[in-house]
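One file, input.cif, is given below (mmCIF, C-alpha atoms and all ligand atoms).
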```cif
data_coords
#
loop_
_atom_site.label_atom_id
_atom_site.label_comp_id
_atom_site.auth_asym_id
_atom_site.auth_seq_id
_atom_site.Cartn_x
_atom_site.Cartn_y
_atom_site.Cartn_z
CA MET Y 214 32.90 -32.48 -16.26
CA ALA Y 215 29.19 -33.19 -15.84
CA GLY Y 216 26.90 -30.37 -14.66
CA PRO Y 217 24.95 -30.45 -11.41
CA SER Y 218 22.88 -33.58 -10.98
CA ALA Y 219 19.10 -33.34 -11.10
CA SER Y 220 18.91 -33.69 -7.34
CA PHE Y 221 20.73 -30.35 -6.95
CA THR Y 222 18.61 -28.37 -9.41
CA MET Y 223 15.91 -26.38 -7.68
CA THR Y 224 12.94 -24.68 -9.29
CA ILE Y 225 12.65 -21.05 -8.32
CA GLY Y 226 9.22 -19.42 -8.17
CA PRO Y 227 7.04 -17.98 -9.20
CA VAL Y 228 5.98 -20.51 -11.79
CA PRO Y 229 2.57 -20.50 -13.46
CA PHE Y 230 0.06 -22.02 -11.06
CA LYS Y 231 -1.67 -23.90 -13.86
CA ASP Y 232 1.60 -25.52 -14.92
CA VAL Y 233 1.87 -26.96 -11.40
CA VAL Y 234 -1.72 -27.97 -10.65
CA GLY Y 235 -3.03 -28.58 -14.18
CA GLU Y 236 -6.68 -28.30 -15.08
CA ALA Y 237 -7.90 -29.49 -11.68
CA ALA Y 238 -7.76 -25.91 -10.32
CA GLU Y 239 -11.16 -25.20 -11.81
CA ASP Y 240 -12.56 -28.68 -12.17
CA ASP Y 241 -15.95 -28.93 -10.40
CA ASP Y 242 -15.23 -32.55 -9.41
CA HIS Y 243 -12.38 -31.36 -7.22
CA ILE Y 244 -14.37 -28.76 -5.30
CA THR Y 245 -14.83 -29.72 -1.67
CA PRO Y 246 -15.84 -26.53 0.19
CA PRO Y 247 -15.05 -26.52 3.92
CA THR Y 248 -18.23 -27.33 5.82
CA GLU Y 249 -17.12 -26.75 9.41
CA TYR Y 250 -17.92 -23.03 9.57
CA GLY Y 251 -21.72 -23.20 9.29
CA ASP Y 252 -22.24 -22.17 12.93
CA ILE Y 253 -20.11 -19.06 12.54
CA ILE Y 254 -21.59 -18.11 9.18
CA SER Y 255 -25.17 -18.45 10.46
CA THR Y 256 -24.51 -15.64 12.98
CA LEU Y 257 -23.28 -13.15 10.36
CA PRO Y 258 -25.46 -10.33 8.96
CA SER Y 259 -26.32 -10.98 5.31
CA ILE Y 260 -27.73 -9.21 2.26
CA ASN Y 261 -28.94 -10.36 -1.11
CA TYR Y 262 -26.66 -8.15 -3.20
CA LEU Y 263 -28.39 -6.93 -6.37
CA GLY Y 264 -31.13 -9.46 -5.65
CA ARG Y 265 -28.84 -12.25 -6.89
CA TRP Y 266 -25.88 -13.01 -4.67
CA VAL Y 267 -26.04 -13.51 -0.90
CA HIS Y 268 -23.17 -11.76 0.87
CA TYR Y 269 -22.13 -12.00 4.52
CA GLN Y 270 -20.73 -9.15 6.56
CA TYR Y 271 -17.48 -10.29 8.13
CA GLN Y 272 -14.76 -8.24 9.77
CA GLY Y 273 -15.62 -5.03 7.98
CA GLY Y 274 -16.42 -6.36 4.51
CA TRP Y 275 -19.16 -8.02 2.43
CA VAL Y 276 -18.10 -11.50 1.33
CA ILE Y 277 -20.02 -13.42 -1.34
CA HIS Y 278 -21.55 -16.59 0.11
CA GLN Y 279 -19.42 -19.03 -1.88
CA ARG Y 280 -16.26 -17.44 -0.49
CA ILE Y 281 -17.08 -16.94 3.18
CA PRO Y 282 -16.01 -20.50 4.14
CA GLY Y 283 -12.80 -19.82 2.23
CA VAL Y 284 -12.04 -16.64 4.17
CA LEU Y 285 -12.56 -18.49 7.45
CA SER Y 286 -10.47 -21.41 6.25
CA PHE Y 287 -7.69 -19.13 5.00
CA GLN Y 288 -7.50 -17.43 8.39
CA ARG Y 289 -7.01 -20.78 10.09
CA ARG Y 290 -5.12 -22.87 7.56
CA PHE Y 291 -2.82 -20.68 5.50
CA THR Y 292 0.81 -21.43 6.19
CA PRO Y 293 2.94 -18.52 5.05
CA ARG Y 294 6.43 -19.07 3.72
CA PRO Y 295 9.28 -16.57 3.76
CA GLY Y 296 9.26 -14.73 0.46
CA ASP Y 297 5.52 -15.08 -0.19
CA VAL Y 298 4.09 -12.17 -2.18
CA LEU Y 299 0.40 -11.40 -1.91
CA LEU Y 300 -1.31 -9.16 -4.44
CA ALA Y 301 -4.37 -7.59 -2.81
CA SER Y 302 -7.13 -5.56 -4.41
CA PRO Y 303 -10.82 -4.78 -4.44
CA PRO Y 304 -12.48 -6.31 -7.51
CA LYS Y 305 -12.03 -4.55 -10.86
CA CYS Y 306 -9.13 -2.32 -9.91
CA GLY Y 307 -6.41 -3.77 -12.14
CA THR Y 308 -5.71 -7.15 -10.51
CA THR Y 309 -5.25 -8.93 -13.84
CA TRP Y 310 -2.72 -6.34 -14.98
CA LEU Y 311 -0.89 -6.39 -11.64
CA LYS Y 312 -0.76 -10.20 -11.73
CA ALA Y 313 0.83 -10.10 -15.16
CA LEU Y 314 3.33 -7.35 -14.25
CA SER Y 315 4.31 -8.96 -10.95
CA PHE Y 316 4.67 -12.42 -12.45
CA ALA Y 317 6.74 -11.12 -15.36
CA THR Y 318 8.93 -9.06 -13.00
CA MET Y 319 9.53 -11.76 -10.41
CA ALA Y 320 10.04 -14.57 -12.91
CA ARG Y 321 12.14 -12.62 -15.42
CA ALA Y 322 15.27 -14.72 -14.89
CA ALA Y 323 13.47 -17.93 -15.86
CA TYR Y 324 11.15 -16.30 -18.40
CA PRO Y 325 12.68 -13.29 -20.19
CA PRO Y 326 9.82 -10.89 -21.00
CA ASN Y 327 10.75 -10.66 -24.69
CA SER Y 328 10.70 -14.43 -25.13
CA ALA Y 329 8.15 -15.89 -27.54
CA GLU Y 330 7.83 -18.76 -25.03
CA HIS Y 331 6.74 -16.56 -22.13
CA PRO Y 332 3.96 -18.18 -20.02
CA LEU Y 333 1.85 -15.02 -20.31
CA LEU Y 334 1.65 -15.64 -24.06
CA ARG Y 335 -0.04 -19.02 -23.50
CA LEU Y 336 -1.85 -18.58 -20.16
CA ASN Y 337 -4.32 -16.05 -18.74
CA PRO Y 338 -2.74 -14.07 -15.84
CA HIS Y 339 -5.27 -15.68 -13.47
CA GLU Y 340 -3.92 -19.07 -14.47
CA CYS Y 341 -0.44 -17.94 -13.45
CA VAL Y 342 -1.34 -16.41 -10.08
CA PRO Y 343 -3.95 -18.18 -7.89
CA LEU Y 344 -6.81 -16.39 -6.11
CA LEU Y 345 -6.61 -17.59 -2.51
CA ASP Y 346 -10.23 -16.71 -1.75
CA ASP Y 347 -11.42 -19.24 -4.34
CA LEU Y 348 -8.79 -21.88 -3.58
CA PHE Y 349 -9.63 -22.03 0.12
CA SER Y 350 -13.36 -21.88 -0.61
CA ALA Y 351 -13.01 -24.90 -2.86
CA GLY Y 352 -10.92 -26.85 -0.35
CA GLN Y 353 -7.99 -26.80 -2.78
CA HIS Y 354 -5.48 -24.89 -0.68
CA ASP Y 355 -3.13 -27.93 -0.53
CA LYS Y 356 -2.19 -27.05 -4.09
CA LEU Y 357 -0.31 -24.04 -2.78
CA GLU Y 358 2.20 -26.39 -1.18
CA ALA Y 359 3.25 -27.59 -4.61
CA LEU Y 360 4.39 -24.11 -5.65
CA PRO Y 361 8.10 -23.36 -5.38
CA SER Y 362 9.13 -20.27 -3.38
CA PRO Y 363 8.73 -17.42 -3.69
CA ARG Y 364 5.01 -17.89 -4.24
CA LEU Y 365 2.94 -15.21 -5.92
CA MET Y 366 -0.75 -15.24 -4.92
CA ASN Y 367 -3.66 -12.84 -4.78
CA THR Y 368 -6.68 -12.02 -2.67
CA HIS Y 369 -9.67 -9.70 -2.63
CA MET Y 370 -9.91 -9.96 1.18
CA LEU Y 371 -9.89 -6.76 3.20
CA HIS Y 372 -6.81 -6.05 5.29
CA SER Y 373 -8.95 -6.52 8.40
CA GLN Y 374 -9.68 -10.08 7.24
CA LEU Y 375 -6.03 -11.11 6.85
CA PRO Y 376 -4.74 -13.30 9.65
CA SER Y 377 -1.88 -11.89 11.69
CA SER Y 378 0.37 -14.60 10.19
CA VAL Y 379 0.10 -12.60 6.96
CA ALA Y 380 -0.72 -9.04 8.04
CA ASP Y 381 2.12 -8.87 10.59
CA ASN Y 382 4.58 -11.15 8.82
CA ILE Y 383 7.91 -9.45 8.05
CA ASP Y 384 8.66 -12.16 5.49
CA CYS Y 385 5.48 -11.67 3.47
CA LYS Y 386 5.10 -8.67 1.17
CA ILE Y 387 1.77 -7.27 0.06
CA VAL Y 388 1.24 -5.30 -3.14
CA TYR Y 389 -2.09 -3.51 -3.14
CA ILE Y 390 -3.83 -1.92 -6.09
CA CYS Y 391 -6.92 0.27 -6.01
CA ARG Y 392 -8.62 2.53 -8.46
CA GLU Y 393 -10.74 5.65 -8.64
CA PRO Y 394 -13.98 4.28 -7.15
CA LYS Y 395 -16.34 5.52 -9.88
CA ASP Y 396 -14.29 3.79 -12.56
CA MET Y 397 -14.18 0.67 -10.42
CA LEU Y 398 -18.01 0.66 -10.25
CA VAL Y 399 -18.33 0.99 -14.00
CA SER Y 400 -15.86 -1.84 -14.55
CA LEU Y 401 -17.70 -3.98 -11.99
CA TRP Y 402 -21.00 -3.42 -13.76
CA HIS Y 403 -19.61 -4.37 -17.17
CA PHE Y 404 -18.02 -7.48 -15.67
CA ALA Y 405 -21.19 -8.58 -13.85
CA GLN Y 406 -23.15 -8.05 -17.08
CA THR Y 407 -21.17 -10.86 -18.68
CA ILE Y 408 -22.94 -13.38 -16.46
CA SER Y 409 -26.20 -11.65 -15.48
CA PRO Y 410 -28.17 -8.65 -16.81
CA ILE Y 411 -27.97 -5.86 -14.21
CA LYS Y 412 -28.90 -2.18 -14.25
CA PHE Y 413 -26.01 0.19 -13.62
CA THR Y 414 -28.20 2.24 -11.28
CA ASP Y 415 -28.64 -0.84 -9.05
CA VAL Y 416 -24.86 -1.34 -8.77
CA PHE Y 417 -24.51 2.39 -8.10
CA GLU Y 418 -27.20 2.63 -5.40
CA SER Y 419 -25.83 -0.41 -3.57
CA ALA Y 420 -22.31 1.04 -3.64
CA CYS Y 421 -23.60 4.32 -2.19
CA GLU Y 422 -24.91 2.25 0.73
CA GLY Y 423 -21.50 0.59 1.11
CA LYS Y 424 -22.71 -2.66 -0.41
CA SER Y 425 -20.54 -4.34 -3.01
CA THR Y 426 -18.52 -7.55 -3.22
CA ASP Y 427 -15.54 -7.16 -0.85
CA GLY Y 428 -16.83 -3.67 -0.04
CA PRO Y 429 -17.50 -1.13 1.24
CA ILE Y 430 -14.89 0.07 -1.21
CA TRP Y 431 -13.66 2.70 1.28
CA ASN Y 432 -13.07 0.07 3.98
CA HIS Y 433 -11.05 -1.99 1.53
CA ILE Y 434 -8.87 0.91 0.46
CA LEU Y 435 -8.42 2.44 3.92
CA GLY Y 436 -7.26 -0.85 5.45
CA TYR Y 437 -4.36 -1.31 3.05
CA TRP Y 438 -3.64 2.42 2.90
CA GLY Y 439 -3.16 2.44 6.67
CA ALA Y 440 -0.97 -0.68 6.53
CA SER Y 441 1.18 0.85 3.77
CA LYS Y 442 1.73 3.93 5.94
CA THR Y 443 2.62 1.89 9.01
CA SER Y 444 4.79 -0.69 7.19
CA PRO Y 445 5.89 0.73 3.83
CA GLU Y 446 8.60 -1.93 3.56
CA ARG Y 447 5.93 -4.66 3.65
CA VAL Y 448 2.89 -3.09 1.99
CA MET Y 449 3.10 -1.28 -1.34
CA PHE Y 450 0.10 0.85 -2.27
CA LEU Y 451 -0.56 1.31 -5.99
CA ARG Y 452 -3.24 3.10 -7.93
CA TYR Y 453 -4.42 2.06 -11.37
CA GLU Y 454 -4.30 5.67 -12.57
CA GLU Y 455 -0.61 6.02 -11.66
CA MET Y 456 0.18 2.75 -13.42
CA ILE Y 457 -1.56 3.94 -16.58
CA LEU Y 458 0.42 7.22 -16.46
CA ASP Y 459 3.84 5.60 -16.12
CA PRO Y 460 3.79 1.79 -16.19
CA VAL Y 461 7.55 1.45 -16.67
CA ASP Y 462 8.26 3.48 -13.56
CA THR Y 463 5.65 1.43 -11.68
CA VAL Y 464 7.45 -1.76 -12.67
CA ARG Y 465 10.75 -0.31 -11.44
CA HIS Y 466 9.15 0.55 -8.08
CA LEU Y 467 7.56 -2.87 -7.91
CA ALA Y 468 10.86 -4.62 -8.58
CA ARG Y 469 12.64 -2.55 -5.92
CA PHE Y 470 9.88 -3.18 -3.40
CA LEU Y 471 10.10 -6.92 -4.02
CA GLY Y 472 13.86 -6.84 -3.48
CA LEU Y 473 14.56 -7.54 -7.16
CA PRO Y 474 15.69 -4.19 -8.56
CA PHE Y 475 16.63 -4.06 -12.23
CA THR Y 476 20.38 -4.09 -12.80
CA SER Y 477 21.94 -1.49 -15.06
CA ALA Y 478 22.43 -4.25 -17.63
CA GLU Y 479 18.70 -5.01 -17.48
CA GLU Y 480 17.86 -1.32 -17.79
CA ALA Y 481 20.19 -1.04 -20.78
CA ALA Y 482 18.51 -4.07 -22.35
CA GLY Y 483 15.07 -2.47 -21.86
CA VAL Y 484 13.76 -5.20 -19.54
CA PRO Y 485 11.30 -2.94 -17.60
CA ALA Y 486 9.84 -1.66 -20.88
CA ASN Y 487 9.66 -5.22 -22.25
CA ILE Y 488 7.68 -6.31 -19.19
CA VAL Y 489 5.25 -3.45 -19.68
CA LYS Y 490 4.86 -4.32 -23.37
CA LEU Y 491 4.29 -8.00 -22.60
CA CYS Y 492 1.58 -7.11 -20.06
CA SER Y 493 -0.04 -4.32 -22.05
CA MET Y 494 -3.69 -4.43 -22.94
CA GLU Y 495 -2.70 -4.66 -26.61
CA THR Y 496 -0.53 -7.76 -26.11
CA MET Y 497 -2.90 -9.39 -23.63
CA LYS Y 498 -5.93 -8.95 -25.90
CA ALA Y 499 -4.08 -10.69 -28.72
CA VAL Y 500 -3.21 -13.79 -26.65
CA GLU Y 501 -5.48 -16.71 -27.49
CA ALA Y 502 -5.73 -17.84 -23.85
CA ASN Y 503 -7.27 -14.46 -23.01
CA ASN Y 504 -9.98 -14.88 -25.62
CA ILE Y 505 -11.18 -18.39 -24.84
CA GLY Y 506 -12.09 -20.23 -21.66
CA THR Y 507 -13.15 -18.99 -18.24
CA SER Y 508 -11.67 -18.09 -14.87
CA GLY Y 509 -13.15 -18.62 -11.43
CA ILE Y 510 -14.10 -21.65 -9.41
CA PHE Y 511 -17.64 -20.72 -8.41
CA LEU Y 512 -18.69 -17.97 -10.79
CA LYS Y 513 -17.05 -18.60 -14.13
CA PHE Y 514 -16.22 -15.44 -16.05
CA PRO Y 515 -14.94 -15.53 -19.63
CA HIS Y 516 -11.21 -14.75 -19.77
CA LYS Y 517 -12.10 -12.14 -22.35
CA SER Y 518 -14.15 -10.19 -19.78
CA TYR Y 519 -11.00 -9.27 -17.82
CA PHE Y 520 -9.75 -7.11 -20.69
CA ARG Y 521 -12.19 -4.35 -21.59
CA LYS Y 522 -11.19 -0.71 -22.12
CA GLY Y 523 -8.43 -0.22 -19.57
CA VAL Y 524 -8.80 3.55 -19.43
CA VAL Y 525 -9.17 6.22 -16.75
CA GLY Y 526 -12.42 8.19 -16.46
CA ASP Y 527 -14.88 5.84 -18.18
CA TRP Y 528 -17.39 6.74 -15.46
CA VAL Y 529 -18.43 9.82 -17.48
CA ASN Y 530 -20.12 7.47 -19.95
CA HIS Y 531 -22.31 5.91 -17.27
CA MET Y 532 -22.93 8.45 -14.48
CA THR Y 533 -24.72 11.77 -14.57
CA PRO Y 534 -22.82 14.68 -13.00
CA GLU Y 535 -25.27 14.47 -10.08
CA MET Y 536 -24.52 10.75 -9.52
CA ALA Y 537 -20.80 11.47 -9.65
CA ARG Y 538 -21.10 14.32 -7.14
CA ARG Y 539 -23.13 12.14 -4.79
CA PHE Y 540 -20.71 9.21 -4.90
CA ASP Y 541 -17.65 11.48 -4.67
CA SER Y 542 -19.03 13.14 -1.57
CA ILE Y 543 -19.76 9.78 0.10
CA VAL Y 544 -16.23 8.54 -0.65
CA ASP Y 545 -14.66 11.87 0.39
CA ASP Y 546 -16.52 11.71 3.67
CA LYS Y 547 -15.46 8.12 4.38
CA ILE Y 548 -11.78 8.64 3.60
CA SER Y 549 -11.45 12.12 5.08
CA GLY Y 550 -8.55 12.49 7.49
CA SER Y 551 -6.69 9.53 5.99
CA GLY Y 552 -4.44 11.63 3.76
CA LEU Y 553 -5.82 9.78 0.73
CA SER Y 554 -7.80 11.44 -2.05
CA PHE Y 555 -9.17 10.40 -5.42
CA ARG Y 556 -9.70 13.97 -6.58
CA PRO Y 557 -7.42 15.21 -9.39
P1 LIG Y 601 -10.74 -8.74 -11.27
O1 LIG Y 601 -10.92 -8.02 -9.98
O2 LIG Y 601 -11.98 -9.48 -11.69
O3 LIG Y 601 -9.50 -9.58 -11.30
P2 LIG Y 601 -9.40 -6.60 -12.56
O4 LIG Y 601 -8.36 -7.19 -13.39
O5 LIG Y 601 -9.02 -6.05 -11.23
O6 LIG Y 601 -10.59 -7.61 -12.41
O7 LIG Y 601 -10.06 -5.38 -13.33
C1 LIG Y 601 -10.34 -5.40 -14.68
C2 LIG Y 601 -10.03 -4.02 -15.22
O8 LIG Y 601 -8.63 -3.92 -15.49
C3 LIG Y 601 -10.76 -3.75 -16.51
O9 LIG Y 601 -11.02 -2.35 -16.52
P3 LIG Y 601 -12.18 -1.72 -17.41
O10 LIG Y 601 -13.41 -2.51 -17.20
O11 LIG Y 601 -12.32 -0.31 -16.91
O12 LIG Y 601 -11.69 -1.73 -18.80
C4 LIG Y 601 -9.71 -4.18 -17.52
O13 LIG Y 601 -9.93 -3.65 -18.81
C5 LIG Y 601 -8.47 -3.63 -16.88
N1 LIG Y 601 -7.25 -4.30 -17.38
C6 LIG Y 601 -7.06 -5.63 -17.56
N2 LIG Y 601 -5.85 -5.86 -18.07
C7 LIG Y 601 -5.27 -4.65 -18.25
C8 LIG Y 601 -4.00 -4.24 -18.78
N3 LIG Y 601 -3.13 -5.12 -19.25
N4 LIG Y 601 -3.74 -2.91 -18.81
C9 LIG Y 601 -4.63 -2.02 -18.34
N5 LIG Y 601 -5.84 -2.34 -17.84
C10 LIG Y 601 -6.16 -3.65 -17.80
#
```
What does this structure look like when you write it as structure tokens?
Ligand code: PAP
Amino acid sequence: MAGPSASFTMTIGPVPFKDVVGEAAEDDDHITPPTEYGDIISTLPSINYLGRWVHYQYQGGWVIHQRIPGVLSFQRRFTPRPGDVLLASPPKCGTTWLKALSFATMARAAYPPNSAEHPLLRLNPHECVPLLDDLFSAGQHDKLEALPSPRLMNTHMLHSQLPSSVADNIDCKIVYICREPKDMLVSLWHFAQTISPIKFTDVFESACEGKSTDGPIWNHILGYWGASKTSPERVMFLRYEEMILDPVDTVRHLARFLGLPFTSAEEAAGVPANIVKLCSMETMKAVEANNIGTSGIFLKFPHKSYFRKGVVGDWVNHMTPEMARRFDSIVDDKISGSGLSFRP
């Protein structure tokens, strides 16, 4: 007897975004930024961050000028679907790693993590999971409609910037990752250096004043921390340091949170450990797609720049003890009373 006809076969997500949209995702010719928000944007306070990049203050966070139309457009145009998963993070806190782990976990039935054909062995994690901030800013959000459900997407927007259709949606899960703020600053500086020479002290002083892309960092973290406390079934709060300590256990938690717990057969076959191995820094650094090409629609960063050291505590190589004390005390003060701490 013949198998099911093609009309009955259904693709289950997530699938690599690039496989669906092709090269056009980052093609300059296809960028048509929304222009209808000029009146709103002109009323927003702005800064010239690090003397290079204009940022607007919007709903509690600093948004780089190329992305502010995208945030406004996202708030008005995003149509959530049941099963959507949104990875949220401040920049340089482990997004690339979380994208890889989440994609490999959610798509493990279609793409076994020990397969030599796995998409993460031919594509950069950012090519598998789209950044909504860029997509909406480039007027390319229609491409999301082509993705099969469940969709896996990410954003650097603050929780206060998410529309209620996402923030209060029982059918949309959010996985948040943050990182010890001093390490995040060091990572941010190294990353920015790949496109423009910048002094670390400038990045540091701005951060002390609460100025950084998608910052202040404490606003970003506190928003999702609060949401994870109020709605733990919808918002998962992860820290880079915990993932480094026990990535396999993190993957188990992630799978459970997403409603896709590993079966005992999968555990026996070592699937969680295989996912961690596939997404490890060692494997990712060896993948050709992570060594050539760029990511990003407006600012194009080399794929290679997303994989640097991947360690905890690198701040000691860039901050004096006095700088560390100063920044720690600012962060402590801002997050005091929240129940959250970055102290060991
Ligand atoms: P993004 O916000 O631009 O997407 P993001 O991926 O959040 O960047 O952060 C990059 C950091 O994650 C880098 O940290 P470092 O500068 O301190 O080294 C990068 O090395 C680290 N990273 C990327 N992939 C992995 C991985 N597979 N395992 C552990 N850390 C990783």
message = Using all atoms listed in the file for the distances, tell me which of Y:Arg265, Y:His516, Y:His354, Y:Arg469 is nearest to His278 in chain Y.
response = Y:Arg265
ask   = Using only C-alpha atoms and all ligand atoms, what are the residues with an atom within 7 Å of ligand LIG 601 (chain Y), set out as a VMD selection string?
value = chain Y and resid 303 to 310 396 to 397 399 to 401 403 to 404 457 492 to 494 497 519 to 524 527
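The shortest atom-to-atom distance to Trp402 in chain Y, with all atoms listed in the file taken into account, belongs to Y:Leu263 out of Y:Val448, Y:Val228, Y:Leu263, Y:Leu334.
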note = Between CA of Asn504 in chain Y and CA of His531 in chain Y lies a distance of 25.6 Å
note = Expressed in Å, the length from CA of Ser328 in chain Y to CA of Leu365 in chain Y is 20.7 Å
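Between CA of Phe540 in chain Y and CA of Lys395 in chain Y the separation is 7.6 Å.
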ask   = Between Y:Thr463, Y:Asn327, Y:Thr245, Y:Ser315, which one has atoms that come closest to Gly483 in chain Y, using all atoms listed in the file?
value =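 Among the listed residues, the smallest separation from Gly483 in chain Y belongs to Y:Asn327.
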request  = Go through Y:Arg280, Y:Lys356, Y:Lys312, Y:Arg556 one by one, measure the shortest atom-to-atom distance of each to Asp232 in chain Y using only C-alpha atoms, and give the residue with the smallest value.
outcome  =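 Smallest distance to Asp232 in chain Y is found for Y:Lys356.
By chain and then residue number, the residues within 12 Å of Asp381 in chain Y are Y:Pro293, Y:His372, Y:Ser373, Y:Leu375, Y:Pro376, Y:Ser377, Y:Ser378, Y:Asp384, Y:Cys385, Y:Lys386, Y:Ile387, Y:Ala440, Y:Ser441, Y:Thr443, Y:Ser444, Y:Glu446, Y:Arg447, Y:Val448, counting all atoms listed in the file and disregarding those fewer than 3 positions away in sequence.
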request  = Between Y:Pro363, Y:Pro410, Y:Gly274, Y:Gly352, single out the one closest to Arg290 in chain Y, counting all atoms listed in the file.
outcome  = Y:Gly352
